[in-house]
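Structure, as structure tokens:
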Amino acid sequence: MKYNIKVKNTIFILIGSAIFSFGIVNFNMENNLAEGGFTGITLLLYFMFNMDPGIMNLVLNIPVFFIGWRLLGITTFIYTVMGTFAVSIFLWIFQIFPLEFSLRNDMTLAALFAGTFIGVGLGIIFRYGGTTGGVDIIARLVHKYVGWSMGRTMFLFDAIVIVSSIILYLKPIQGMYTLVAVFIAARVIDFIQEGAYAARGAMIISGNSDRISAHILKHMDRGVTVLHGSGSFTGEERNVLYCVVGRNEIVKLKEIINEIDPHAFVAVTSVHDVVGEGFTLDENKKPIA
């Protein structure tokens with residue numbers, strides 16, 4: 001059995017776990033904000049019965065690990081167990097050494113920071129191979145044996161936990177701020193997973209494609225892929241250029257195209273998490289530090 005465990009992934013999963021736990025202790029627990037998933041259940045048990053979230057995180061997750069570990073694959077399973085134990089340890093540490101932010105009178109800030117810290121923490125964990133633990137495994141089991149999509153199961157589980165929290169212990173205003181925090185966390189997770197660095201992809205259709213391609217290579221040091229297409233109305237064969245550039249380079253790219261062919265058709269789209277030469281690899285195909 002091959003263990004493809006990377007030091008970099010391990011470090012970032014620990015960092016993500018610390019950020020996530022910091023947000024839970026100092027913003028959710030401090031301001032009576034709920035959360036979805038198994039984390040939401042630990043908070044529910046904490047607010048209703050004063051049970052330690054760090055301990056309950058392990059109590060809830062460990063049985064599920066034994067049930068569904070085969071579905072994750074050995075590497076993801078190890079990362080998930082690592083992240084789960086790290087979260088429990090950091091929850092314990094931050095409860096012993098909490099920071100006093102005093103946001104009870106400014107719940108908007110409390111919700112914003114709760115969502116941001118949870119989103120950044122989980123986003124880092126997901127990006128480097130970890131998972132959310134119990135709910136993720138449950139969703140995979142339901143998908144395998146019931147046929148539901150993982151997204152549907154996870155949404156339903158989160159909704160049940162949050163609604164239960166609102167009914168059982170949250171005041172209506174706290175419930176509304178919880179929904180704000182959950183929404184922000186989801187957006188931040190997407191942002192972290194897609195990559196904070198957003199490039200631009202340009203599709204260029206022109207009768208002067210050769211000149212445009214040569215100028216992009218010469219003046220911008222960016223590669224261009226030539227695709228062969230034809231017009232649906234005219235049936236005319238024409239090369240289509242595809243080029244990915246940095247966000248700050250798009251103006252220069254447009255200037256080059258406009259100088260050579262002002263009538264060229266150009267479609268620019270956002271590109272996330274670019275991997276390859278010029279972005280994550282240098283000209284020798286080695287990773288850029």
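Numbering starts fresh at 1 for the residues of each chain in the structure tokens, the chains themselves are lettered A, B, ... in the order given, and ligands are numbered from 1 as they appear.
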Task: Neighbour list for Gly16 (chain A) as a PyMOL selection string, cut-off 8 Å, only C-alpha atoms, skip fewer than 6 positions in-chain - done: chain A and resi 120-125
Store the residues of this selection in a file with C-alpha atoms, as an mmCIF file, in the first residue's frame.
data_model
loop_
_atom_site.group_PDB
_atom_site.id
_atom_site.type_symbol
_atom_site.label_atom_id
_atom_site.label_comp_id
_atom_site.auth_asym_id
_atom_site.auth_seq_id
_atom_site.Cartn_x
_atom_site.Cartn_y
_atom_site.Cartn_z
ATOM 1 C CA VAL A 120 -9.946 30.202 4.916
ATOM 2 C CA GLY A 121 -9.222 27.275 7.232
ATOM 3 C CA LEU A 122 -11.421 24.768 5.414
ATOM 4 C CA GLY A 123 -10.340 26.106 2.023
ATOM 5 C CA ILE A 124 -6.686 25.423 2.851
ATOM 6 C CA ILE A 125 -7.515 21.955 4.203
#
- [ ] Write out as number ranges by chain which residues come within 12 Å of Phe65 (chain A) when counting only C-alpha atoms, dropping same-chain ones fewer than 3 positions away.
- [x] A: 58-62, 68-74, 76-82, 84, 131-138, 140-141
TODO: From region 174-289 of chain A, collect each residue whose DSSP state is strand (DSSP E or B) and return the set as a PyMOL selection string.
DONE: chain A and resi 198-205+225-230+237-246+265-272+277+281+287
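Nearest to Val163 (chain A) of all the residues A:Gly175, A:Ile24, A:Arg127, A:Val251 is A:Gly175, based on only C-alpha atoms.
Nearest residue to Leu43 (chain A), choosing from A:Ala199, A:Leu91, A:Ile5, A:Ala264 and counting only C-alpha atoms: A:Leu91.
Counting only C-alpha atoms, the residue from A:Ile173, A:Met203, A:Val268, A:Leu241 that sits nearest to Asp106 (chain A) is A:Ile173.
Reported to one decimal place, the separation of CA of Tyr128 (chain A) from CA of Thr10 (chain A) is 7.9 Å.
Residue neighbourhood of Met220 (chain A), excluding near-sequence residues (fewer than 4 positions): Ile212, Ser213, Ala214, His215, Ile216, Val224, Cys243, Val244, Val245, Gly246, Asn248, Glu249, Ile250, Val251, Lys252, Leu253, Lys254, Glu255, Ile256 and Gly278 of chain A, at 12 Å, using only C-alpha atoms.
CA of Val146 (chain A) sits 24.2 Å away from CA of Gly40 (chain A).
Across A:Ile162, A:Met154, A:Ile260, A:Val271, the tightest approach to Asp210 (chain A) is made by A:Ile260 when counting only C-alpha atoms.
For the pair CA of Phe101 (chain A) and CA of Leu179 (chain A), the separation is 20.8 Å.
Closest approach to Ala181 (chain A) among A:Ser165, A:Ser149, A:Ser17, A:Asn28 is made by A:Asn28 (distances from only C-alpha atoms).
Distance check against Phe20 (chain A) using only C-alpha atoms: of A:Gly83, A:Gly201, A:Pro98, A:Gly223, the minimum falls on A:Gly83.
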- [ ] Check the DSSP output for the backbone and give back, as a PyMOL selection string, the residues of region 92-132 of chain A in alpha helix (DSSP H).
- [x] chain A and resi 92-96+107-127
